[in-house]
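Listing of my_file_20.cif, mmCIF, C-alpha atoms and all ligand atoms
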data_work
#
loop_
_atom_site.label_atom_id
_atom_site.label_comp_id
_atom_site.auth_asym_id
_atom_site.auth_seq_id
_atom_site.Cartn_x
_atom_site.Cartn_y
_atom_site.Cartn_z
CA MET A 1 6.90 -7.14 17.61
CA ALA A 2 4.83 -10.32 17.09
CA ALA A 3 2.94 -9.60 20.32
CA PHE A 4 2.33 -6.04 19.09
CA LEU A 5 0.96 -7.29 15.74
CA GLU A 6 -1.32 -9.78 17.49
CA GLU A 7 -2.64 -7.18 19.92
CA ARG A 8 -3.15 -4.66 17.13
CA SER A 9 -5.12 -7.21 15.10
CA GLN A 10 -7.68 -7.36 17.90
CA ALA A 11 -8.40 -3.62 17.83
CA PRO A 12 -11.90 -2.94 16.41
CA ASP A 13 -10.69 -0.80 13.47
CA MET A 14 -8.01 -3.36 12.56
CA ARG A 15 -10.47 -6.26 12.65
CA LYS A 16 -12.68 -4.34 10.24
CA ILE A 17 -9.90 -3.46 7.80
CA ASN A 18 -8.59 -7.04 7.86
CA GLN A 19 -12.08 -8.34 7.04
CA VAL A 20 -12.40 -5.92 4.13
CA PHE A 21 -8.96 -6.95 2.86
CA CYS A 22 -9.83 -10.67 3.05
CA GLY A 23 -13.11 -9.98 1.22
CA ILE A 24 -11.17 -8.38 -1.65
CA VAL A 25 -8.67 -11.28 -1.72
CA ALA A 26 -11.74 -13.57 -2.08
CA ALA A 27 -9.90 -16.82 -1.35
CA ARG A 28 -11.62 -19.94 -2.70
CA PRO A 29 -11.40 -23.62 -1.72
CA GLY A 30 -8.48 -25.43 -3.32
CA GLU A 31 -6.41 -22.31 -4.07
CA ARG A 32 -2.74 -21.85 -3.16
CA LEU A 33 -2.07 -18.41 -1.68
CA LEU A 34 1.14 -16.62 -0.73
CA GLU A 35 1.42 -13.86 1.86
CA ILE A 36 4.66 -11.91 1.90
CA GLY A 37 5.69 -10.06 5.05
CA SER A 38 3.26 -12.28 6.94
CA GLY A 39 4.45 -11.15 10.38
CA SER A 40 2.78 -13.09 13.18
CA GLY A 41 0.39 -14.63 10.64
CA VAL A 42 -2.83 -12.73 11.40
CA LEU A 43 -4.02 -12.56 7.79
CA SER A 44 -2.79 -16.02 6.82
CA ARG A 45 -4.75 -17.49 9.72
CA LEU A 46 -7.85 -15.50 8.73
CA LEU A 47 -7.65 -16.64 5.11
CA ALA A 48 -6.70 -20.29 5.68
CA PRO A 49 -10.24 -21.65 6.39
CA SER A 50 -11.62 -20.23 3.10
CA LEU A 51 -9.05 -22.32 1.19
CA GLN A 52 -10.33 -25.62 2.51
CA PRO A 53 -10.76 -28.23 1.31
CA GLY A 54 -7.61 -28.77 -0.63
CA GLY A 55 -5.98 -25.35 -0.58
CA SER A 56 -3.13 -23.80 1.37
CA ILE A 57 -1.45 -20.54 2.30
CA ALA A 58 2.27 -19.91 2.73
CA GLY A 59 3.51 -16.93 4.73
CA VAL A 60 7.03 -15.64 4.08
CA ASP A 61 8.73 -13.21 6.44
CA ILE A 62 12.26 -11.88 6.60
CA SER A 63 12.38 -12.16 10.38
CA PRO A 64 13.25 -15.65 11.68
CA GLU A 65 11.76 -14.83 15.10
CA MET A 66 8.50 -13.69 13.55
CA THR A 67 8.36 -16.90 11.49
CA VAL A 68 8.79 -19.09 14.57
CA GLU A 69 6.07 -17.15 16.38
CA ALA A 70 3.69 -17.33 13.39
CA LYS A 71 4.11 -21.14 13.31
CA ARG A 72 3.47 -21.38 17.04
CA LEU A 73 0.34 -19.20 16.90
CA ALA A 74 -1.12 -21.14 13.95
CA LEU A 75 -0.62 -24.43 15.78
CA MET A 76 -2.06 -23.02 18.99
CA GLU A 77 -5.14 -21.75 17.18
CA GLY A 78 -5.60 -25.13 15.49
CA SER A 79 -5.31 -23.57 12.03
CA GLY A 80 -2.14 -25.61 11.43
CA SER A 81 -3.37 -27.58 8.42
CA GLY A 82 -3.03 -25.86 5.07
CA ILE A 83 -0.86 -23.11 6.49
CA ALA A 84 2.94 -22.86 6.48
CA PHE A 85 5.39 -20.13 7.45
CA LEU A 86 8.84 -19.72 5.96
CA ASN A 87 11.72 -17.45 6.74
CA GLY A 88 12.77 -15.62 3.57
CA ALA A 89 13.01 -12.34 1.68
CA ALA A 90 10.17 -11.17 -0.53
CA GLU A 91 12.82 -9.94 -3.01
CA SER A 92 13.83 -13.54 -3.83
CA LEU A 93 11.00 -15.91 -3.03
CA PRO A 94 11.88 -19.61 -2.68
CA TYR A 95 9.22 -20.69 -5.22
CA GLN A 96 9.13 -21.57 -8.90
CA GLN A 97 7.22 -19.34 -11.26
CA ALA A 98 3.44 -19.77 -11.45
CA SER A 99 3.18 -21.58 -8.10
CA PHE A 100 0.18 -19.68 -6.64
CA GLU A 101 -3.31 -18.49 -7.52
CA ALA A 102 -2.77 -15.29 -5.52
CA ALA A 103 -0.07 -13.34 -3.67
CA ILE A 104 -0.85 -10.71 -1.05
CA ALA A 105 1.07 -8.06 0.88
CA ALA A 106 -0.56 -6.09 3.70
CA ARG A 107 1.14 -3.32 5.68
CA MET A 108 4.39 -4.59 4.20
CA LEU A 109 5.44 -2.64 1.10
CA LEU A 110 5.75 0.58 3.13
CA HIS A 111 8.67 -1.06 4.96
CA VAL A 112 10.84 -2.01 1.97
CA SER A 113 13.33 0.01 -0.07
CA ASP A 114 12.37 -1.44 -3.47
CA PRO A 115 8.63 -2.21 -3.62
CA GLU A 116 8.74 -2.42 -7.46
CA ALA A 117 11.12 -5.39 -7.28
CA ILE A 118 8.82 -7.12 -4.80
CA ILE A 119 5.71 -6.64 -6.96
CA PHE A 120 7.62 -8.21 -9.88
CA GLU A 121 8.68 -11.12 -7.66
CA MET A 122 5.08 -11.64 -6.46
CA LYS A 123 3.97 -11.57 -10.08
CA ARG A 124 6.59 -14.16 -11.05
CA VAL A 125 5.26 -16.76 -8.61
CA VAL A 126 1.56 -16.21 -9.49
CA LYS A 127 -0.09 -18.24 -12.28
CA PRO A 128 -1.57 -16.55 -15.36
CA GLY A 129 -5.10 -15.52 -14.41
CA GLY A 130 -4.06 -15.23 -10.78
CA ARG A 131 -4.15 -12.08 -8.68
CA LEU A 132 -2.06 -9.78 -6.53
CA VAL A 133 -3.68 -7.85 -3.67
CA VAL A 134 -1.69 -5.21 -1.80
CA MET A 135 -2.65 -2.84 1.01
CA ASP A 136 -1.02 0.03 2.87
CA TRP A 137 -2.26 3.04 4.75
CA ASP A 138 -1.41 6.58 3.71
CA PHE A 139 -0.49 8.49 6.85
CA ASP A 140 -0.93 11.87 5.15
CA THR A 141 -4.68 11.10 5.02
CA VAL A 142 -4.98 11.20 8.82
CA THR A 143 -7.58 13.65 10.10
CA ILE A 144 -8.02 14.47 13.78
CA ASP A 145 -10.55 16.82 15.31
CA HIS A 146 -8.03 18.56 17.57
CA PRO A 147 -8.21 22.16 18.86
CA ASN A 148 -4.56 22.94 18.00
CA ARG A 149 -4.27 22.83 14.18
CA GLU A 150 -0.68 24.05 13.93
CA LEU A 151 0.64 21.52 16.44
CA THR A 152 -1.44 18.70 14.96
CA ARG A 153 -0.13 19.41 11.46
CA ARG A 154 3.47 19.66 12.68
CA LEU A 155 3.20 16.39 14.60
CA LEU A 156 1.42 14.45 11.83
CA HIS A 157 3.72 15.69 9.09
CA TRP A 158 6.76 14.76 11.14
CA ARG A 159 5.32 11.30 11.85
CA CYS A 160 4.46 10.82 8.19
CA ASP A 161 7.89 11.77 6.90
CA HIS A 162 10.22 10.45 9.60
CA HIS A 163 8.79 7.38 11.28
CA GLY A 164 7.52 3.91 10.36
CA GLY A 165 8.62 3.55 6.74
CA ASN A 166 7.19 5.09 3.57
CA ASN A 167 3.90 6.51 4.80
CA TRP A 168 2.89 7.57 1.29
CA SER A 169 2.96 3.94 0.19
CA GLY A 170 -0.85 3.74 0.11
CA ARG A 171 -1.22 6.32 -2.68
CA GLN A 172 1.68 4.76 -4.61
CA LEU A 173 0.25 1.23 -4.84
CA TRP A 174 -1.85 1.99 -7.91
CA ARG A 175 1.19 3.21 -9.87
CA LEU A 176 3.27 0.24 -8.69
CA MET A 177 0.68 -2.28 -9.83
CA LYS A 178 0.00 -0.54 -13.17
CA SER A 179 3.74 -0.13 -13.88
CA ALA A 180 4.24 -3.85 -13.29
CA ASN A 181 1.60 -4.43 -15.97
CA LEU A 182 -0.98 -5.98 -13.68
CA GLN A 183 -4.30 -6.14 -15.55
CA ASP A 184 -7.86 -5.13 -14.67
CA CYS A 185 -6.59 -3.24 -11.62
CA THR A 186 -9.13 -2.02 -9.12
CA ILE A 187 -8.52 0.26 -6.16
CA HIS A 188 -10.51 0.01 -2.94
CA PRO A 189 -10.00 2.99 -0.61
CA GLN A 190 -11.06 2.10 2.90
CA MET A 191 -11.57 4.94 5.34
CA SER A 192 -11.17 3.89 8.93
CA ILE A 193 -12.93 6.25 11.38
CA VAL A 194 -12.17 5.81 15.07
CA HIS A 195 -13.69 7.16 18.29
CA ASP A 196 -12.21 4.85 20.87
CA GLU A 197 -8.96 4.42 22.79
CA ALA A 198 -8.94 0.70 21.92
CA ASP A 199 -8.70 1.40 18.18
CA GLY A 200 -5.38 0.76 16.48
CA LEU A 201 -5.25 4.25 14.93
CA THR A 202 -5.75 5.90 18.34
CA GLN A 203 -2.84 3.89 19.69
CA SER A 204 -0.72 4.86 16.66
CA LEU A 205 -1.47 8.52 17.40
CA TRP A 206 -0.32 8.18 21.02
CA ARG A 207 2.89 6.59 19.79
CA ALA A 208 3.27 9.34 17.16
CA ALA A 209 3.18 11.97 19.92
CA GLN A 210 5.71 10.00 21.94
CA VAL A 211 8.21 9.48 19.11
CA ALA A 212 7.82 13.08 17.90
CA GLY A 213 8.48 14.22 21.48
CA THR A 214 11.52 11.99 21.85
CA ALA A 215 12.89 13.18 18.48
CA GLY A 216 12.41 16.84 19.47
CA ALA A 217 9.89 17.54 16.67
CA ILE A 218 7.51 18.78 19.37
CA SER A 219 8.41 19.94 22.89
CA PRO A 220 7.60 17.88 26.01
CA SER A 221 4.90 20.39 27.01
CA GLU A 222 3.38 20.30 23.49
CA GLN A 223 3.38 16.51 23.60
CA GLN A 224 1.53 16.49 26.91
CA ALA A 225 -0.95 19.19 25.90
CA TRP A 226 -1.71 17.44 22.59
CA ILE A 227 -2.39 14.12 24.29
CA ASN A 228 -4.43 15.78 27.06
CA ASP A 229 -6.74 17.41 24.51
CA LEU A 230 -7.37 14.06 22.82
CA LYS A 231 -7.92 12.34 26.17
CA HIS A 232 -10.48 14.98 27.03
CA ASP A 233 -12.37 14.20 23.79
CA LEU A 234 -12.15 10.45 24.46
CA GLU A 235 -13.62 10.93 27.93
CA ASN A 236 -16.42 13.06 26.52
CA GLY A 237 -17.18 10.64 23.69
CA THR A 238 -16.32 13.29 21.08
CA PHE A 239 -13.00 11.90 19.81
CA PHE A 240 -12.73 11.71 16.00
CA ALA A 241 -9.81 10.52 13.89
CA SER A 242 -9.58 8.82 10.52
CA ILE A 243 -7.13 7.36 8.03
CA VAL A 244 -7.44 5.92 4.53
CA TYR A 245 -6.07 2.49 3.62
CA PHE A 246 -5.66 1.76 -0.08
CA ILE A 247 -6.15 -1.79 -1.33
CA VAL A 248 -5.20 -2.52 -4.95
CA LYS A 249 -6.02 -5.74 -6.76
CA GLY A 250 -4.68 -6.71 -10.18
CA TYR A 251 -4.42 -9.81 -12.37
CA VAL A 252 -1.46 -11.56 -14.00
CA TYR A 253 -1.84 -12.49 -17.69
C1 LIG A 301 4.01 -4.34 9.78
S1 LIG A 301 4.37 -6.05 9.59
C2 LIG A 301 2.85 -6.61 8.81
C3 LIG A 301 2.55 -8.05 9.10
C4 LIG A 301 1.27 -8.59 8.46
N1 LIG A 301 1.29 -8.48 7.01
C5 LIG A 301 0.07 -7.91 9.04
O1 LIG A 301 -0.58 -7.13 8.33
O2 LIG A 301 -0.25 -8.16 10.21
C6 LIG A 301 5.53 -6.10 8.25
C7 LIG A 301 6.24 -7.44 8.13
O3 LIG A 301 6.99 -7.46 6.92
C8 LIG A 301 8.22 -8.15 7.18
N2 LIG A 301 9.18 -7.75 6.15
C9 LIG A 301 9.79 -6.54 6.01
N3 LIG A 301 10.60 -6.55 4.93
C10 LIG A 301 10.50 -7.79 4.37
C11 LIG A 301 11.09 -8.41 3.23
N4 LIG A 301 11.95 -7.76 2.47
N5 LIG A 301 10.74 -9.69 2.95
C12 LIG A 301 9.88 -10.36 3.74
N6 LIG A 301 9.29 -9.84 4.84
C13 LIG A 301 9.59 -8.55 5.15
C14 LIG A 301 8.59 -7.73 8.59
O4 LIG A 301 9.50 -8.64 9.20
C15 LIG A 301 7.21 -7.72 9.28
O5 LIG A 301 6.91 -8.94 9.87
#

Could you write out this structure as C-alpha cells?
Ligand SMILES: C[S@@+](CC[C@H](N)C(=O)[O-])C[C@H]1O[C@@H](n2cnc3c(N)ncnc32)[C@H](O)[C@@H]1O
Amino acid sequence: MAAFLEERSQAPDMRKINQVFCGIVAARPGERLLEIGSGSGVLSRLLAPSLQPGGSIAGVDISPEMTVEAKRLALMEGSGSGIAFLNGAAESLPYQQASFEAAIAARMLLHVSDPEAIIFEMKRVVKPGGRLVVMDWDFDTVTIDHPNRELTRRLLHWRCDHHGGNNWSGRQLWRLMKSANLQDCTIHPQMSIVHDEADGLTQSLWRAAQVAGTAGAISPSEQQAWINDLKHDLENGTFFASIVYFIVKGYVY
C-alpha cells in the first residue's frame, strides 16, 4: 500500500493536485502542522520545507506498517528534520487541545465510518485562529469519453457505490466543515483532466474495470471491450477523462 501511494504521487495528475492542495494549506515558517491519515508521508514531506525554520509537521496514521515506511522514506529523502510520524487513530489524537496551527486530511475522510467525529477531533487540537484543510475526490464526477455510455455508466456507478470507501465524500466535505462550526469556510473544486496512461485517474479506471469484472458487475467480455476502447483512444491521443476533487478550508475560533 505504501509503495502504491508513493507511485501514485508521482503520476502527473496527482503531482498537480498535491501542489494545489499544499498551496491552499499555505504552510508558513515556524508553524506546527498535523496531517491525519498521512499514509506514506507524501504530503507531509511536501509541506515540511515550507515550515522551516522553526516549524514542524506530525503525520498520524492508523497503520503501524505505513508509519514505519513513512519514517523510512522521510529519512531517505533527507526531510527528516521537522517531520515526525506516529501510529494512532484520528478519532483520538495523542495531542492536547490547541497544539497546532493547522490540521489537514487528504484522501482520508472517505475511508472512515465517522468523519464528523474526526473533524471535531482535528478542531480540538488546532489553536484558535488556526485552520483545517480537507480534500477528497467525488467519484460520481468522473467523465470519460467512451463509445459505450450504458456500460460506462454501469461500471462507474458500481465503482462509486461499492469500492474504495465513501466516494461521495468530496461533495460532503462542505457540510461536514460547516456543521462542525468551522468559520470563513472556502471550497476549492479542482478538476483533474487526464489524457495519459501514466495519470493516476487512468490507472484508477483500469482498476475499476478489473474490480467490477471480478465482482460480476460487468461481464469478462464487457470488461475487455471497455478497456480496449480506452486503449484505442490512448494510442490515438484522443483519451479524455476527468474527476473533481473538493478541497475545503475553514478556521477555528
Ligand atoms: C488513501 S491513504 C491517503 C494517504 C495520504 N493522505 C495521501 O494523500 O497520500 C489513507 C490513509 O488513511 C489512513 N487511515 C484510515 N483510517 C484512519 C484513521 N481512523 N486514523 C488514522 N489514519 C487512518 C490509512 O491507513 C491510509 O494510510

Next on the checklist: Between atom CA of A:His195 and atom CA of A:Gly170, what is the distance in Å, rounded to a tenth?
Outcome noted: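 Interatomic distance here is 22.5 Å.
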
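Compared by their closest atoms to A:Leu151, and using all atoms listed in the file, the residues A:Val25, A:Met1, A:Leu86, A:Ile227 rank with A:Ile227 nearest.
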
Checklist entry - For the atom pair atom CA of A:Leu132 and atom CA of A:Pro12, what is the interatomic distance in Å to one decimal place? => result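 Atom CA of A:Pro12 lies at a distance of 25.9 Å from atom CA of A:Leu132.
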
Checklist entry - Given a cut-off of 7 Å, what residues near ligand LIG 301 (chain A) show up using all atoms listed in the file, put as a list in words? => result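 Counting only what the definition allows, namely all atoms listed in the file, the set is Leu5, Ser9, Ile36, Gly37, Ser38, Gly39, Ser40, Gly41, Val42, Leu43, Val60, Asp61, Ile62, Ser63, Met66, Gly88, Ala89, Ala90, Glu91, Ala105, Ala106, Arg107, Met108, His111 and Val112 of chain A.
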
Next on the checklist: Using Å and a single decimal, report how far atom CA of A:Gln19 sits from atom CA of A:Pro128.
Outcome noted: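 Value for the atom CA of A:Pro128-atom CA of A:Gln19 distance: 26.1 Å.
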
Residue contacts of A:Leu110 (7 Å, all atoms listed in the file) excluding same-chain residues fewer than 5 positions away, as a PDB file with C-alpha atoms, in the coordinates of the input:
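What ended up in part.pdb:
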ATOM      1  CA  ASP A 136      -1.020   0.030   2.870  1.00  0.00           C
ATOM      2  CA  GLY A 165       8.620   3.550   6.740  1.00  0.00           C
ATOM      3  CA  ASN A 166       7.190   5.090   3.570  1.00  0.00           C
ATOM      4  CA  ASN A 167       3.900   6.510   4.800  1.00  0.00           C
ATOM      5  CA  SER A 169       2.960   3.940   0.190  1.00  0.00           C
TER       6      SER A 169
END

Taking all atoms of stretch 72-87 of chain A that appear in the file, build a box with edges along x, y and z, extend it by 6 Å on every side, and state its centre and edge lengths in Å to one decimal, as JSON.
{"center_x": 3.1, "center_y": -22.5, "center_z": 12.0, "size_x": 29.3, "size_y": 22.1, "size_z": 25.9}

Checklist entry - If you count all atoms listed in the file, which residues fall within 10 Å of A:Met177, apart from same-chain ones fewer than 3 positions away, as a list in words? => result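 Here the qualifying residues turn out to be Glu116, Ile119, Phe120, Lys123, Leu132, Val133, Val134, Gln172, Leu173, Trp174, Ala180, Asn181, Leu182, Gln183, Cys185, Thr186, Val248, Lys249, Gly250 and Tyr251 of chain A.
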
Can you spit out the residues from that selection as a PDB file, keeping the file's coordinate frame, using C-alpha atoms?
ATOM      1  CA  GLU A 116       8.740  -2.420  -7.460  1.00  0.00           C
ATOM      2  CA  ILE A 119       5.710  -6.640  -6.960  1.00  0.00           C
ATOM      3  CA  PHE A 120       7.620  -8.210  -9.880  1.00  0.00           C
ATOM      4  CA  LYS A 123       3.970 -11.570 -10.080  1.00  0.00           C
ATOM      5  CA  LEU A 132      -2.060  -9.780  -6.530  1.00  0.00           C
ATOM      6  CA  VAL A 133      -3.680  -7.850  -3.670  1.00  0.00           C
ATOM      7  CA  VAL A 134      -1.690  -5.210  -1.800  1.00  0.00           C
ATOM      8  CA  GLN A 172       1.680   4.760  -4.610  1.00  0.00           C
ATOM      9  CA  LEU A 173       0.250   1.230  -4.840  1.00  0.00           C
ATOM     10  CA  TRP A 174      -1.850   1.990  -7.910  1.00  0.00           C
ATOM     11  CA  ALA A 180       4.240  -3.850 -13.290  1.00  0.00           C
ATOM     12  CA  ASN A 181       1.600  -4.430 -15.970  1.00  0.00           C
ATOM     13  CA  LEU A 182      -0.980  -5.980 -13.680  1.00  0.00           C
ATOM     14  CA  GLN A 183      -4.300  -6.140 -15.550  1.00  0.00           C
ATOM     15  CA  CYS A 185      -6.590  -3.240 -11.620  1.00  0.00           C
ATOM     16  CA  THR A 186      -9.130  -2.020  -9.120  1.00  0.00           C
ATOM     17  CA  VAL A 248      -5.200  -2.520  -4.950  1.00  0.00           C
ATOM     18  CA  LYS A 249      -6.020  -5.740  -6.760  1.00  0.00           C
ATOM     19  CA  GLY A 250      -4.680  -6.710 -10.180  1.00  0.00           C
ATOM     20  CA  TYR A 251      -4.420  -9.810 -12.370  1.00  0.00           C
TER      21      TYR A 251
END

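Those DNA, RNA and protein residues that approach the point (-5.5, 4.7, 3.7) to within 7 Å, considering all atoms listed in the file, are Asp136, Trp137, Asp138, Thr141, Gly170, Pro189, Gln190, Met191, Ile243, Val244, Tyr245 and Phe246 of chain A.
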
Checklist entry - Taking into account all atoms listed in the file, which residue in the set A:Ala217, A:Val194, A:Leu33, A:Ala117 is nearest to A:Asp161? => result A:Ala217

Checklist entry - Can you list, as a PyMOL selection string, every protein, DNA or RNA residue that comes within 10 Å of A:Glu121 when you count only C-alpha atoms, leaving out same-chain residues fewer than 5 positions away? => result chain A and resi 90-93+95+97+103+115-116+126

Item to check | Exercise: A:Glu197 partners within 10 Å, all atoms listed in the file, chain neighbours under 6 positions left out, as a ChimeraX atom specification | outcome: /A:11,203,206,230-231,234-235,239

Checklist entry - From the set A:Val142, A:Ala215, A:Met14, A:Ala102, which residue has the shortest atom-to-atom contact distance to A:Glu31, counting only C-alpha atoms? => result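 So, comparing all the options, the nearest one is A:Ala102.
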
Next on the checklist: Need to verify the contact set: A:Gln210, 10 Å, only C-alpha atoms, exclusion of same-chain residues closer than 5 positions in sequence. Can you return it as a PyMOL selection string?
Outcome noted: chain A and resi 204-205+215-216+218+220+223-224+227

Subset file: stretch 64-88 of chain A, C-alpha atoms, as a short mmCIF file (atom, residue, chain, number, x, y, z; two decimals), in the first residue's frame:
data_model
loop_
_atom_site.label_atom_id
_atom_site.label_comp_id
_atom_site.auth_asym_id
_atom_site.auth_seq_id
_atom_site.Cartn_x
_atom_site.Cartn_y
_atom_site.Cartn_z
CA PRO A 64 1.76 0.73 12.01
CA GLU A 65 3.37 -0.55 8.79
CA MET A 66 2.55 2.66 6.96
CA THR A 67 4.02 4.69 9.83
CA VAL A 68 7.30 2.76 9.73
CA GLU A 69 7.51 3.23 5.97
CA ALA A 70 6.71 6.97 6.20
CA LYS A 71 9.56 7.40 8.72
CA ARG A 72 11.95 5.48 6.48
CA LEU A 73 11.04 7.49 3.36
CA ALA A 74 11.39 10.84 5.16
CA LEU A 75 14.84 9.88 6.42
CA MET A 76 15.86 8.59 3.00
CA GLU A 77 14.74 11.81 1.33
CA GLY A 78 16.65 13.86 3.91
CA SER A 79 13.46 15.63 5.03
CA GLY A 80 13.85 14.05 8.48
CA SER A 81 14.14 17.28 10.48
CA GLY A 82 10.87 18.89 11.47
CA ILE A 83 8.84 15.86 10.45
CA ALA A 84 7.57 13.03 12.64
CA PHE A 85 5.23 10.10 12.04
CA LEU A 86 3.13 8.45 14.72
CA ASN A 87 0.94 5.40 14.75
CA GLY A 88 -2.52 6.36 16.02
#
